[in-house]
Structures are given as structure tokens and as C-alpha cells.
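> The structure follows.
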Amino acid sequence: MEKFVTDIRVRHYEMDALGHVNNASYQHYLEDVGIQHSEYLGFSLNRYRELGGYFIMRRVTIDYLRPAVAGDILAITTWLEKLRGTRVTRHYEIRQKGESDLVVTAEVLWVWVDAVTMRPKGIPQEFVIAYQQYQQAGIESNEEKP
């Protein structure tokens, strides 16, 4: 699986009463990183509009493993799996930047819906092909490494 990684700086207003990142803030991180990954693949909100639909979160499973606090830089890794029909599963791992211990793991079921009816419909082939090419490029670049 080719993985996409980006960093997010934790902001003070995302803290809960205990001084840790509020659990709800993590869902915002997941959505933001999913959008960044899609944009990296060439699928901005405007491109989705042209395709007549959007990905929406259907189910979110989050495991909170360690706290993060304001000022922390979090490295968020995401990748897609089970891309078929109307659905795709996106996985996430969140760590303190430069650390190996996980802060959060998550799995999100995204569903492609029609922009007008908001009913599920098949993921556009353009997206499927773009992701397959991204995966293949990652496999080829990993094969070249010693």
C-alpha cells in the first residue's frame, strides 16, 4: 500500500478539559488529511463537482492510544484499501512527528454519493484509475530501493 503522510500542528483551542486534544478534533484531522490525499491525487472539491458526487464519512472507528497536546506536531499517515463499488476504506495512523509510538489509529468507511440526491453511487472510474496509478508508482519506486 502506498501511503500519504502529512503533518498537522495541534492548536490550543483543540484541547479538552484535561489539556489533551479533544477526541472530536481527531475526526477533523482524519477528514482534513483524507481531503489532502485526494487533492494530491488530483481530485479537488471542484473535480468532485465535475464528477457529480462526493465522498462522505459513513463510519469512523478511532482508537485513542496516547494523548497529544497543543503545540505538538502530528504526522498523519493514510492509505486506501477495499476500493470498490460505492465504498472505500481509509486507514490512518497518527504519531508525534519523528516518533514511532502511535497516538491514534483509525479506520473510516467513505461512501461516494451523488451530489444531487446524496444517494450512494459507484465511485467514478477516473478516481479508481488515478489511485491504481498512484499505488503502482509507489510499488515501482519501492522496488527500485536497495
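Convention: chains lettered A, B, ... in C-alpha cells order; per-chain residue numbering from 1; ligands numbered from 1 as shown.
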Using DSSP secondary structure from the backbone, list all helix (DSSP H, G or I) positions within stretch 33-141 of chain A, as a ChimeraX atom specification.
/A:33-40,45-51,125-141
> Given the selection you just returned, output its residues as a file containing C-alpha atoms, formatted as a short mmCIF file (atom, residue, chain, number, x, y, z; two decimals), in the first residue's frame.

data_model
loop_
_atom_site.label_atom_id
_atom_site.label_comp_id
_atom_site.auth_asym_id
_atom_site.auth_seq_id
_atom_site.Cartn_x
_atom_site.Cartn_y
_atom_site.Cartn_z
CA VAL A 33 -5.91 14.50 5.68
CA GLY A 34 -8.30 12.49 3.51
CA ILE A 35 -9.05 15.67 1.55
CA GLN A 36 -5.33 16.47 1.23
CA HIS A 37 -4.66 12.96 -0.09
CA SER A 38 -7.47 13.27 -2.63
CA GLU A 39 -6.16 16.66 -3.75
CA TYR A 40 -2.68 15.16 -4.10
CA LEU A 45 -13.67 19.68 -4.48
CA ASN A 46 -14.14 21.26 -7.93
CA ARG A 47 -13.10 18.00 -9.60
CA TYR A 48 -15.61 16.10 -7.46
CA ARG A 49 -18.32 18.54 -8.53
CA GLU A 50 -17.42 17.86 -12.18
CA LEU A 51 -17.77 14.13 -11.47
CA GLN A 125 -13.54 5.22 -12.77
CA GLU A 126 -11.31 8.30 -13.03
CA PHE A 127 -10.72 8.14 -9.27
CA VAL A 128 -10.17 4.37 -9.28
CA ILE A 129 -7.64 4.65 -12.13
CA ALA A 130 -5.81 7.58 -10.50
CA TYR A 131 -5.49 5.67 -7.24
CA GLN A 132 -4.32 2.49 -9.01
CA GLN A 133 -1.65 4.52 -10.84
CA TYR A 134 -0.57 6.09 -7.53
CA GLN A 135 -0.34 2.61 -5.98
CA GLN A 136 1.64 1.27 -8.95
CA ALA A 137 4.06 4.21 -8.87
CA GLY A 138 4.66 3.54 -5.17
CA ILE A 139 5.28 -0.14 -5.79
CA GLU A 140 7.71 0.64 -8.60
CA SER A 141 9.60 3.23 -6.52
#
> Pick out the residues sitting within 12 Å of stretch 101-106 of chain A, and hand them over as a ChimeraX atom specification; count only C-alpha atoms, and ignore anything fewer than 6 positions along from it in its own chain.
/A:20-21,23,25-27,29-31,34,59-69,72-79,89-95
> Got time to write the residues from that selection, C-alpha atoms, as a PDB file, in the first residue's frame?

ATOM      1  CA  HIS A  20      -5.324  16.885  25.710  1.00  0.00           C
ATOM      2  CA  VAL A  21      -6.551  17.004  22.123  1.00  0.00           C
ATOM      3  CA  ASN A  23     -11.460  13.343  20.788  1.00  0.00           C
ATOM      4  CA  SER A  25     -10.706  17.055  16.929  1.00  0.00           C
ATOM      5  CA  TYR A  26      -9.189  13.814  15.695  1.00  0.00           C
ATOM      6  CA  GLN A  27     -12.148  13.281  13.363  1.00  0.00           C
ATOM      7  CA  TYR A  29      -7.813  15.669  11.339  1.00  0.00           C
ATOM      8  CA  LEU A  30      -8.924  12.491   9.582  1.00  0.00           C
ATOM      9  CA  GLU A  31     -11.247  14.371   7.253  1.00  0.00           C
ATOM     10  CA  GLY A  34      -8.304  12.490   3.511  1.00  0.00           C
ATOM     11  CA  ARG A  59     -18.421   5.021   9.678  1.00  0.00           C
ATOM     12  CA  VAL A  60     -15.472   6.090  11.832  1.00  0.00           C
ATOM     13  CA  THR A  61     -13.575   3.821  14.216  1.00  0.00           C
ATOM     14  CA  ILE A  62     -10.899   5.527  16.305  1.00  0.00           C
ATOM     15  CA  ASP A  63      -8.545   4.028  18.880  1.00  0.00           C
ATOM     16  CA  TYR A  64      -7.051   6.659  21.199  1.00  0.00           C
ATOM     17  CA  LEU A  65      -3.698   5.316  22.385  1.00  0.00           C
ATOM     18  CA  ARG A  66      -1.729   8.306  23.752  1.00  0.00           C
ATOM     19  CA  PRO A  67      -2.538  11.956  24.390  1.00  0.00           C
ATOM     20  CA  ALA A  68      -1.377  14.850  22.255  1.00  0.00           C
ATOM     21  CA  VAL A  69      -1.279  18.461  23.425  1.00  0.00           C
ATOM     22  CA  ASP A  72       2.609  19.013  19.148  1.00  0.00           C
ATOM     23  CA  ILE A  73       3.333  18.265  15.513  1.00  0.00           C
ATOM     24  CA  LEU A  74       1.459  15.145  14.483  1.00  0.00           C
ATOM     25  CA  ALA A  75       2.486  13.068  11.471  1.00  0.00           C
ATOM     26  CA  ILE A  76      -0.657  11.580   9.973  1.00  0.00           C
ATOM     27  CA  THR A  77      -0.374   8.660   7.584  1.00  0.00           C
ATOM     28  CA  THR A  78      -3.290   7.472   5.464  1.00  0.00           C
ATOM     29  CA  TRP A  79      -3.905   4.901   2.758  1.00  0.00           C
ATOM     30  CA  THR A  89     -11.906   2.092   3.464  1.00  0.00           C
ATOM     31  CA  ARG A  90      -9.287   4.624   4.504  1.00  0.00           C
ATOM     32  CA  HIS A  91      -6.804   3.795   7.262  1.00  0.00           C
ATOM     33  CA  TYR A  92      -4.963   6.302   9.435  1.00  0.00           C
ATOM     34  CA  GLU A  93      -2.045   6.282  11.837  1.00  0.00           C
ATOM     35  CA  ILE A  94      -1.203   9.349  13.909  1.00  0.00           C
ATOM     36  CA  ARG A  95       2.153   9.758  15.656  1.00  0.00           C
TER      37      ARG A  95
END
> Which is closer to A:Gly19 than all the others in A:Tyr54, A:Ala70, A:Leu41, A:Thr6, using only C-alpha atoms?
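Closest to A:Gly19 of all the choices is A:Ala70.
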> How many Å lie between atom CA of A:Trp112 and atom CA of A:Phe43, rounded to one decimal?
13.0 Å
> When you count only C-alpha atoms, which of these residues is closest to A:Gly71: A:Arg84, A:Arg119, A:Arg11, A:Arg58?
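Closest to A:Gly71 of all the choices is A:Arg11.
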> Would you kindly return, as a ChimeraX atom specification, each protein, DNA or RNA residue with an atom no farther than 10 Å from any atom of A:Gly122, considering only C-alpha atoms and excluding same-chain residues fewer than 2 positions away?
/A:53,84-87,111-114,120,124-125
> Could you state the separation of atom CA of A:Thr117 and atom CA of A:Gly52 in Å, given to one decimal place?
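Spanning atom CA of A:Thr117 to atom CA of A:Gly52 is a straight-line distance of 10.2 Å.
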> So what do you get for atom CA of A:Met57 versus atom CA of A:Ser100, distance-wise?
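Atom CA of A:Met57 sits 27.5 Å away from atom CA of A:Ser100.
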